[in-house]
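Structure below is upload-v5.cif: mmCIF, C-alpha atoms and all ligand atoms.
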data_work
loop_
_atom_site.label_atom_id
_atom_site.label_comp_id
_atom_site.auth_asym_id
_atom_site.auth_seq_id
_atom_site.Cartn_x
_atom_site.Cartn_y
_atom_site.Cartn_z
CA MET A 1 128.75 53.38 35.03
CA SER A 2 127.76 54.18 38.57
CA GLU A 3 125.61 51.62 40.35
CA SER A 4 122.69 54.04 40.53
CA LEU A 5 122.52 54.07 36.71
CA VAL A 6 121.86 50.34 36.39
CA PRO A 7 118.59 49.53 34.58
CA GLY A 8 115.84 47.93 36.62
CA VAL A 9 117.03 49.13 40.05
CA ALA A 10 114.83 51.83 41.63
CA VAL A 11 116.87 54.54 43.36
CA GLU A 12 115.49 57.18 45.73
CA LEU A 13 116.81 60.59 44.62
CA ALA A 14 114.85 62.82 47.00
CA PRO A 15 111.99 62.32 49.47
CA GLY A 16 109.20 60.68 47.48
CA VAL A 17 111.12 60.79 44.19
CA ARG A 18 112.54 57.63 42.67
CA ARG A 19 114.23 56.77 39.38
CA LEU A 20 113.99 53.49 37.51
CA ILE A 21 116.01 53.14 34.30
CA ALA A 22 114.46 51.31 31.36
CA PRO A 23 116.54 48.51 29.80
CA ASN A 24 117.07 50.39 26.52
CA PRO A 25 120.69 51.63 26.67
CA GLY A 26 122.17 52.97 23.46
CA MET A 27 123.91 55.79 21.66
CA MET A 28 120.84 58.03 21.80
CA THR A 29 119.53 56.89 25.19
CA GLY A 30 122.68 56.65 27.34
CA PRO A 31 122.18 54.14 30.17
CA GLY A 32 118.49 53.94 29.17
CA THR A 33 115.38 56.11 29.53
CA ASN A 34 114.82 57.44 33.05
CA THR A 35 111.38 56.67 34.44
CA TYR A 36 110.58 58.71 37.54
CA LEU A 37 108.15 57.80 40.29
CA VAL A 38 106.78 60.68 42.37
CA GLY A 39 104.77 60.16 45.57
CA GLN A 40 104.42 57.37 48.08
CA GLY A 41 100.73 56.90 48.97
CA GLU A 42 99.67 57.43 45.38
CA VAL A 43 102.22 57.47 42.62
CA ALA A 44 102.72 59.54 39.46
CA VAL A 45 105.00 58.03 36.82
CA ILE A 46 106.92 60.41 34.55
CA ASP A 47 108.03 58.92 31.20
CA PRO A 48 107.20 55.21 31.47
CA GLY A 49 109.56 54.60 28.56
CA PRO A 50 109.56 52.23 25.59
CA ALA A 51 106.93 49.51 25.17
CA LEU A 52 108.75 46.83 27.16
CA GLU A 53 106.66 44.44 29.25
CA SER A 54 109.55 43.87 31.66
CA HIS A 55 109.92 47.59 32.34
CA VAL A 56 106.18 48.06 32.92
CA GLU A 57 106.30 45.19 35.45
CA ALA A 58 109.34 46.77 37.12
CA ILE A 59 107.52 50.12 37.41
CA VAL A 60 104.48 48.51 39.04
CA ALA A 61 106.69 46.52 41.44
CA ALA A 62 108.81 49.56 42.35
CA ALA A 63 105.79 51.82 42.92
CA GLY A 64 104.61 49.78 45.90
CA ALA A 65 101.39 51.86 45.91
CA PRO A 66 98.63 52.59 43.41
CA ILE A 67 99.83 54.32 40.25
CA ARG A 68 97.24 57.04 39.58
CA TRP A 69 98.89 59.23 36.96
CA ILE A 70 101.22 58.77 34.01
CA LEU A 71 102.87 61.92 32.68
CA VAL A 72 104.97 62.05 29.55
CA THR A 73 107.46 64.75 28.61
CA HIS A 74 107.03 64.10 24.89
CA THR A 75 106.05 61.35 22.49
CA HIS A 76 109.34 60.01 21.15
CA ARG A 77 109.41 56.24 21.20
CA ASP A 78 111.85 55.87 24.06
CA HIS A 79 109.61 57.94 26.39
CA SER A 80 105.87 57.36 25.99
CA PRO A 81 104.88 53.99 24.42
CA ALA A 82 104.70 52.17 27.78
CA ALA A 83 102.02 54.66 28.94
CA ARG A 84 99.20 52.70 27.30
CA MET A 85 100.42 49.40 28.73
CA LEU A 86 100.83 50.85 32.22
CA ALA A 87 97.44 52.58 32.05
CA ALA A 88 95.77 49.33 30.96
CA GLU A 89 97.29 47.58 33.95
CA THR A 90 96.70 50.24 36.60
CA GLY A 91 93.81 52.39 35.35
CA ALA A 92 96.02 55.44 35.77
CA GLU A 93 95.19 58.70 34.03
CA MET A 94 97.51 59.68 31.15
CA LEU A 95 98.69 63.30 30.96
CA GLY A 96 100.78 65.13 28.39
CA GLN A 97 100.33 66.36 24.84
CA VAL A 98 99.23 64.42 21.78
CA ALA A 99 101.87 63.36 19.28
CA PRO A 100 102.28 65.60 16.24
CA ALA A 101 102.42 63.92 12.82
CA GLY A 102 105.84 62.79 11.72
CA PRO A 103 108.44 60.05 12.01
CA HIS A 104 109.88 58.95 15.39
CA GLN A 105 106.53 59.71 17.05
CA ASP A 106 104.50 57.43 19.31
CA ASP A 107 100.99 57.91 17.96
CA THR A 108 99.63 55.33 20.43
CA PHE A 109 99.86 57.93 23.19
CA SER A 110 96.55 59.63 23.76
CA PRO A 111 96.31 61.73 26.92
CA ASP A 112 93.18 61.61 29.08
CA ARG A 113 94.13 65.12 30.13
CA ALA A 114 96.07 67.39 27.78
CA LEU A 115 98.44 69.67 29.65
CA GLY A 116 99.32 73.16 28.49
CA ASP A 117 101.96 75.51 29.79
CA GLY A 118 101.43 76.19 33.49
CA ASP A 119 98.85 73.42 34.00
CA ALA A 120 99.41 71.45 37.17
CA LEU A 121 98.75 68.00 38.52
CA ALA A 122 97.87 68.67 42.15
CA THR A 123 97.51 65.68 44.47
CA LYS A 124 97.30 65.37 48.26
CA GLU A 125 101.06 64.79 48.39
CA PHE A 126 102.61 66.92 45.65
CA VAL A 127 102.12 69.37 42.81
CA LEU A 128 103.74 68.92 39.40
CA ARG A 129 103.56 71.93 37.11
CA ALA A 130 103.92 71.53 33.34
CA LEU A 131 106.20 73.91 31.45
CA HIS A 132 105.89 73.84 27.68
CA THR A 133 109.44 73.63 26.32
CA PRO A 134 109.42 73.16 22.54
CA GLY A 135 112.75 72.74 20.78
CA HIS A 136 113.73 69.07 20.92
CA ALA A 137 110.08 68.24 20.24
CA SER A 138 107.19 70.64 19.60
CA ASN A 139 105.03 68.93 22.24
CA HIS A 140 107.73 68.75 24.91
CA LEU A 141 106.79 69.44 28.54
CA CYS A 142 109.11 69.72 31.52
CA TYR A 143 107.60 69.13 34.97
CA LEU A 144 108.50 71.14 38.05
CA LEU A 145 107.89 69.52 41.43
CA ALA A 146 106.73 72.34 43.69
CA GLY A 147 108.39 72.69 47.09
CA GLN A 148 111.43 70.57 46.28
CA GLU A 149 111.90 72.51 43.03
CA LEU A 150 113.04 69.48 41.09
CA LEU A 151 112.76 69.87 37.34
CA PHE A 152 112.07 66.80 35.20
CA THR A 153 113.47 67.76 31.81
CA GLY A 154 112.86 64.72 29.57
CA ASP A 155 114.96 65.21 26.43
CA HIS A 156 115.08 68.98 26.72
CA ILE A 157 118.15 68.66 28.94
CA MET A 158 120.02 65.35 29.09
CA ASN A 159 123.10 64.36 31.03
CA GLY A 160 125.88 62.85 28.97
CA SER A 161 124.90 63.69 25.43
CA THR A 162 123.85 66.59 23.25
CA VAL A 163 120.13 66.92 22.60
CA VAL A 164 119.14 66.25 18.99
CA ILE A 165 117.27 69.10 17.30
CA ASP A 166 115.69 67.55 14.22
CA PRO A 167 113.60 69.92 12.08
CA PRO A 168 110.80 70.48 11.36
CA ASP A 169 109.39 69.20 14.68
CA GLY A 170 112.63 70.26 16.36
CA SER A 171 113.48 73.97 16.36
CA MET A 172 116.76 75.54 17.46
CA ARG A 173 115.20 78.94 18.02
CA GLN A 174 112.49 77.47 20.25
CA TYR A 175 115.04 75.26 21.99
CA LEU A 176 117.14 78.23 23.07
CA ASP A 177 114.05 80.25 24.03
CA SER A 178 112.82 77.34 26.16
CA LEU A 179 116.19 77.04 27.90
CA ARG A 180 116.20 80.75 28.72
CA ARG A 181 112.68 80.45 30.04
CA LEU A 182 113.66 77.52 32.32
CA ARG A 183 116.58 79.54 33.63
CA ARG A 184 114.14 82.04 35.11
CA GLU A 185 112.44 79.32 37.18
CA SER A 186 113.63 78.50 40.68
CA VAL A 187 115.14 75.03 40.28
CA ALA A 188 117.21 73.05 42.80
CA ALA A 189 118.19 70.16 40.52
CA ILE A 190 117.52 68.82 37.04
CA LEU A 191 116.29 65.26 36.64
CA PRO A 192 116.93 64.50 32.97
CA GLY A 193 115.33 61.89 30.72
CA HIS A 194 118.72 60.24 30.27
CA GLY A 195 121.70 60.19 32.63
CA ASP A 196 122.22 61.22 36.22
CA VAL A 197 120.85 64.16 38.24
CA LEU A 198 122.33 67.58 37.40
CA ARG A 199 122.88 69.60 40.56
CA GLU A 200 123.73 73.04 39.19
CA PRO A 201 120.80 73.94 36.96
CA LYS A 202 121.76 77.48 36.03
CA ALA A 203 125.36 76.55 35.19
CA VAL A 204 124.10 73.60 33.13
CA ILE A 205 121.65 75.76 31.18
CA ASP A 206 124.25 78.48 30.64
CA TRP A 207 126.69 75.90 29.30
CA ILE A 208 124.14 74.47 26.86
CA VAL A 209 123.08 77.89 25.54
CA ASP A 210 126.73 78.91 25.22
CA HIS A 211 127.66 75.69 23.44
CA ARG A 212 124.81 76.15 20.92
CA LEU A 213 125.66 79.79 20.29
CA GLN A 214 129.32 78.90 19.74
CA ARG A 215 128.23 76.38 17.14
CA GLU A 216 125.97 79.00 15.57
CA ALA A 217 128.93 81.42 15.39
CA LYS A 218 130.89 78.70 13.60
CA VAL A 219 128.02 78.20 11.14
CA VAL A 220 128.06 81.94 10.38
CA GLU A 221 131.85 81.96 10.04
CA LYS A 222 131.95 78.98 7.66
CA LEU A 223 129.00 80.26 5.68
CA ALA A 224 130.82 83.57 5.17
CA ARG A 225 133.77 81.70 3.67
CA HIS A 226 131.84 79.03 1.76
CA ALA A 227 128.73 80.80 0.47
CA ASP A 228 126.23 78.76 -1.55
CA SER A 229 127.36 75.51 -0.01
CA PRO A 230 124.95 72.61 0.18
CA LEU A 231 124.31 71.09 3.59
CA ARG A 232 126.41 67.97 2.99
CA GLU A 233 129.50 70.09 2.28
CA LEU A 234 128.89 72.65 4.97
CA VAL A 235 128.55 69.95 7.62
CA ALA A 236 132.19 68.89 7.17
CA GLN A 237 133.26 72.50 7.74
CA VAL A 238 131.08 73.27 10.73
CA TYR A 239 131.61 69.92 12.46
CA ASP A 240 135.26 69.46 11.47
CA GLU A 241 136.15 68.26 14.99
CA VAL A 242 133.43 65.58 14.92
CA ASP A 243 133.93 62.02 13.59
CA SER A 244 132.74 62.01 9.96
CA ARG A 245 130.56 58.97 10.68
CA LEU A 246 128.39 61.30 12.75
CA HIS A 247 128.05 63.90 10.02
CA GLN A 248 124.77 62.48 8.76
CA LEU A 249 123.26 63.14 12.19
CA ALA A 250 125.07 66.46 12.54
CA GLN A 251 123.47 67.56 9.28
CA ARG A 252 120.10 67.69 11.09
CA SER A 253 121.54 69.99 13.77
CA LEU A 254 123.21 72.11 11.12
CA LEU A 255 119.87 72.48 9.35
CA ALA A 256 118.32 73.50 12.68
CA HIS A 257 120.96 76.22 13.09
CA LEU A 258 120.44 77.43 9.52
CA LEU A 259 116.67 77.56 9.92
CA LYS A 260 117.13 79.66 13.06
CA LEU A 261 119.36 82.07 11.11
CA GLU A 262 116.76 82.13 8.33
CA GLU A 263 113.97 82.92 10.82
CA GLU A 264 116.11 85.76 12.15
CA GLY A 265 116.72 87.14 8.65
CA ARG A 266 120.44 86.36 8.82
CA ALA A 267 120.67 83.59 6.22
CA MET A 268 118.79 82.47 3.14
CA ARG A 269 118.76 79.50 0.84
CA ASP A 270 118.47 78.78 -2.81
CA GLY A 271 117.28 75.21 -3.04
CA GLU A 272 119.78 73.26 -1.00
CA ARG A 273 122.43 75.99 -0.98
CA TRP A 274 122.78 78.41 1.92
CA ARG A 275 124.28 81.87 2.19
CA LEU A 276 124.41 84.75 4.67
CA ILE A 277 122.31 87.84 4.10
ZN ZN W 1 113.17 62.73 22.46
#
Would you write out, as structure tokens, the structure that this file holds?
Amino acid sequence: MSESLVPGVAVELAPGVRRLIAPNPGMMTGPGTNTYLVGQGEVAVIDPGPALESHVEAIVAAAGAPIRWILVTHTHRDHSPAARMLAAETGAEMLGQVAPAGPHQDDTFSPDRALGDGDALATKEFVLRALHTPGHASNHLCYLLAGQELLFTGDHIMNGSTVVIDPPDGSMRQYLDSLRRLRRESVAAILPGHGDVLREPKAVIDWIVDHRLQREAKVVEKLARHADSPLRELVAQVYDEVDSRLHQLAQRSLLAHLLKLEEEGRAMRDGERWRLI
């Protein structure tokens, strides 16, 4: 692990942009959730992270100036629960989208200002523009810092692990559409919700789209040979190179691929069994 990825140590990544990693490392979170601080005179916090008192204190200490805004990329529990705590302490305004119903959601997050696609937070120092990027989560927003063209991607693009697409809130079709949409933006670097900065945005996005489409091609290939297979059998075929202990998780991604094919009229199901059309 590089020193810059140590939890609790604020690192300046660009003028007026700092990263502070929450102390919640794990299989799904990598070194921990990245909390970003934007601005120097007045600070915006992006993704304050899980509800950990120590992390909230570290954010306030690192800011070194009034925290006026708290933006969240989405409402999974490793990204938004500290927003309420930080807002209570600083009086900052909370921005983002409300949590949809469902498991793994932080329903304590309630934005003072709901942001839609293209909405911006404009301050004296900087402008952050929200881009609605459903796929990993239906209420997912990326934030583009104007001028420096830094893109905060939350869990839409991570560094070091594959993004989980868990239906029904997650959608593979929307995920790929959102990636293609981001590719059309002018972006200098990607600042992900987990892991280090990604310096070649277009190459990164191309790789992810490619990787997903390769998996989709494998789904189609295996489905052609094993028609009417239930998910739990198909997963071993499609993810045959993946450790079988991860197949339970992979089954969610497989379902996401199948639902995309269904939406496109390329596959259908009979109960739990899937086949190509
Ligand atoms: Zn997430």
**Request:** Could you give me, as number ranges by chain, the residues within 12 Å of Arg212 (chain A), counting all atoms listed in the file and dropping anything in the same chain fewer than 6 positions from it?
**Result:** A: 162-165, 172-173, 175-177, 179, 205-206, 218-219, 253-254, 256-257, 260
**Request:** Would you mind listing the residues within 7 Å of ligand ZN 1 (chain W), counting all atoms listed in the file, as number ranges by chain?
**Result:** A: 74, 76, 136-137, 155
**Asked** Between CA of Gly102 (chain A) and CA of Leu249 (chain A), what is the distance, to one decimal in Å?
**Response**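 Computed distance, CA of Gly102 (chain A) to CA of Leu249 (chain A), equals 17.4 Å.
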**Prompt:** At what distance in Å, to one decimal, does CA of Cys142 (chain A) lie from CA of Ile157 (chain A)?
**Reply:**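 Between CA of Ile157 (chain A) and CA of Cys142 (chain A) the gap is 9.5 Å.
Every protein, DNA or RNA residue with an atom at most 8 Å from region 25-34 of chain A, where only C-alpha atoms count and chain neighbours fewer than 4 positions away do not, is listed here: A:Leu5, A:Val6, A:Pro7, A:Arg19, A:Leu20, A:Ile21, A:Asp47, A:Gly49, A:Asp78, A:His79, A:Gly160, A:Ser161, A:Pro192, A:Gly193, A:His194, A:Gly195.
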Spatial neighbours of Ile70 (chain A), max dist 8 Å, all atoms listed in the file, sep filter under 6 positions, as a PDB file with C-alpha atoms, in the frame of the given file:
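Written file, around-v4.pdb:
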ATOM      1  CA  ALA A  44     102.720  59.540  39.460  1.00  0.00           C
ATOM      2  CA  VAL A  45     105.000  58.030  36.820  1.00  0.00           C
ATOM      3  CA  ILE A  46     106.920  60.410  34.550  1.00  0.00           C
ATOM      4  CA  ASP A  47     108.030  58.920  31.200  1.00  0.00           C
ATOM      5  CA  PRO A  48     107.200  55.210  31.470  1.00  0.00           C
ATOM      6  CA  ALA A  83     102.020  54.660  28.940  1.00  0.00           C
ATOM      7  CA  ALA A  87      97.440  52.580  32.050  1.00  0.00           C
ATOM      8  CA  ALA A  92      96.020  55.440  35.770  1.00  0.00           C
ATOM      9  CA  GLU A  93      95.190  58.700  34.030  1.00  0.00           C
ATOM     10  CA  MET A  94      97.510  59.680  31.150  1.00  0.00           C
ATOM     11  CA  LEU A  95      98.690  63.300  30.960  1.00  0.00           C
TER      12      LEU A  95
END
**Message:** Report, in Å to a single decimal, how far apart CA of Ala61 (chain A) and CA of Arg113 (chain A) are.
**Reply:**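 Computing it gives 25.1 Å between the two atoms.
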**Residue nearest Glu89 (chain A) among A:Trp207, A:Val60, A:Leu276, A:Pro15 (counting only C-alpha atoms)** =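 Once distances to Glu89 (chain A) are computed over only C-alpha atoms, the minimum belongs to A:Val60.
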**Message:** List as a VMD selection string the protein and nucleic acid residues near region 180-185 of chain A, meaning an atom at most 10 Å away when only C-alpha atoms are counted, but skip any in the same chain fewer than 2 places from it.
**Reply:** chain A and resid 131 to 133 142 144 149 151 153 174 to 178 187 to 188 201 to 206 209
Would you kindly identify which residues have an atom no farther than 6 Å from (106.1, 68.2, 37.9), using all atoms listed in the file and the file's own coordinates, and write them out as a compact mmCIF listing (two decimals) with C-alpha atoms, keeping the file's coordinate frame?
# COMPACT_ATOMS: atom_id res chain seq x y z
CA LEU A 128 103.74 68.92 39.40
CA ARG A 129 103.56 71.93 37.11
CA TYR A 143 107.60 69.13 34.97
CA LEU A 144 108.50 71.14 38.05
CA LEU A 145 107.89 69.52 41.43
**Residue among A:Val238, A:Ala101, A:Arg245, A:Asn24 lying closest to Ala217 (chain A), counting only C-alpha atoms** = A:Val238
Could you give me the axis-aligned bounding box of region 272-275 of chain A, with 4 Å of padding per side, as centre plus edge lengths in Å to one decimal, as JSON?
{"center_x": 122.0, "center_y": 77.6, "center_z": 0.6, "size_x": 12.5, "size_y": 16.6, "size_z": 11.2}
**Request:** Considering all atoms listed in the file, return as a VMD selection string whatever protein or nucleic-acid residues lie within 12 Å of Glu233 (chain A), sequence-local ones (same chain, fewer than 3 positions apart) excluded.
**Result:** chain A and resid 222 to 223 226 to 230 236 to 240 244 247 to 248 250 to 251 254 272 to 274
Residues from the last selection, C-alpha atoms, saved as a PDB file, in the frame of the given file:
ATOM      1  CA  LYS A 222     131.950  78.980   7.660  1.00  0.00           C
ATOM      2  CA  LEU A 223     129.000  80.260   5.680  1.00  0.00           C
ATOM      3  CA  HIS A 226     131.840  79.030   1.760  1.00  0.00           C
ATOM      4  CA  ALA A 227     128.730  80.800   0.470  1.00  0.00           C
ATOM      5  CA  ASP A 228     126.230  78.760  -1.550  1.00  0.00           C
ATOM      6  CA  SER A 229     127.360  75.510  -0.010  1.00  0.00           C
ATOM      7  CA  PRO A 230     124.950  72.610   0.180  1.00  0.00           C
ATOM      8  CA  ALA A 236     132.190  68.890   7.170  1.00  0.00           C
ATOM      9  CA  GLN A 237     133.260  72.500   7.740  1.00  0.00           C
ATOM     10  CA  VAL A 238     131.080  73.270  10.730  1.00  0.00           C
ATOM     11  CA  TYR A 239     131.610  69.920  12.460  1.00  0.00           C
ATOM     12  CA  ASP A 240     135.260  69.460  11.470  1.00  0.00           C
ATOM     13  CA  SER A 244     132.740  62.010   9.960  1.00  0.00           C
ATOM     14  CA  HIS A 247     128.050  63.900  10.020  1.00  0.00           C
ATOM     15  CA  GLN A 248     124.770  62.480   8.760  1.00  0.00           C
ATOM     16  CA  ALA A 250     125.070  66.460  12.540  1.00  0.00           C
ATOM     17  CA  GLN A 251     123.470  67.560   9.280  1.00  0.00           C
ATOM     18  CA  LEU A 254     123.210  72.110  11.120  1.00  0.00           C
ATOM     19  CA  GLU A 272     119.780  73.260  -1.000  1.00  0.00           C
ATOM     20  CA  ARG A 273     122.430  75.990  -0.980  1.00  0.00           C
ATOM     21  CA  TRP A 274     122.780  78.410   1.920  1.00  0.00           C
TER      22      TRP A 274
END
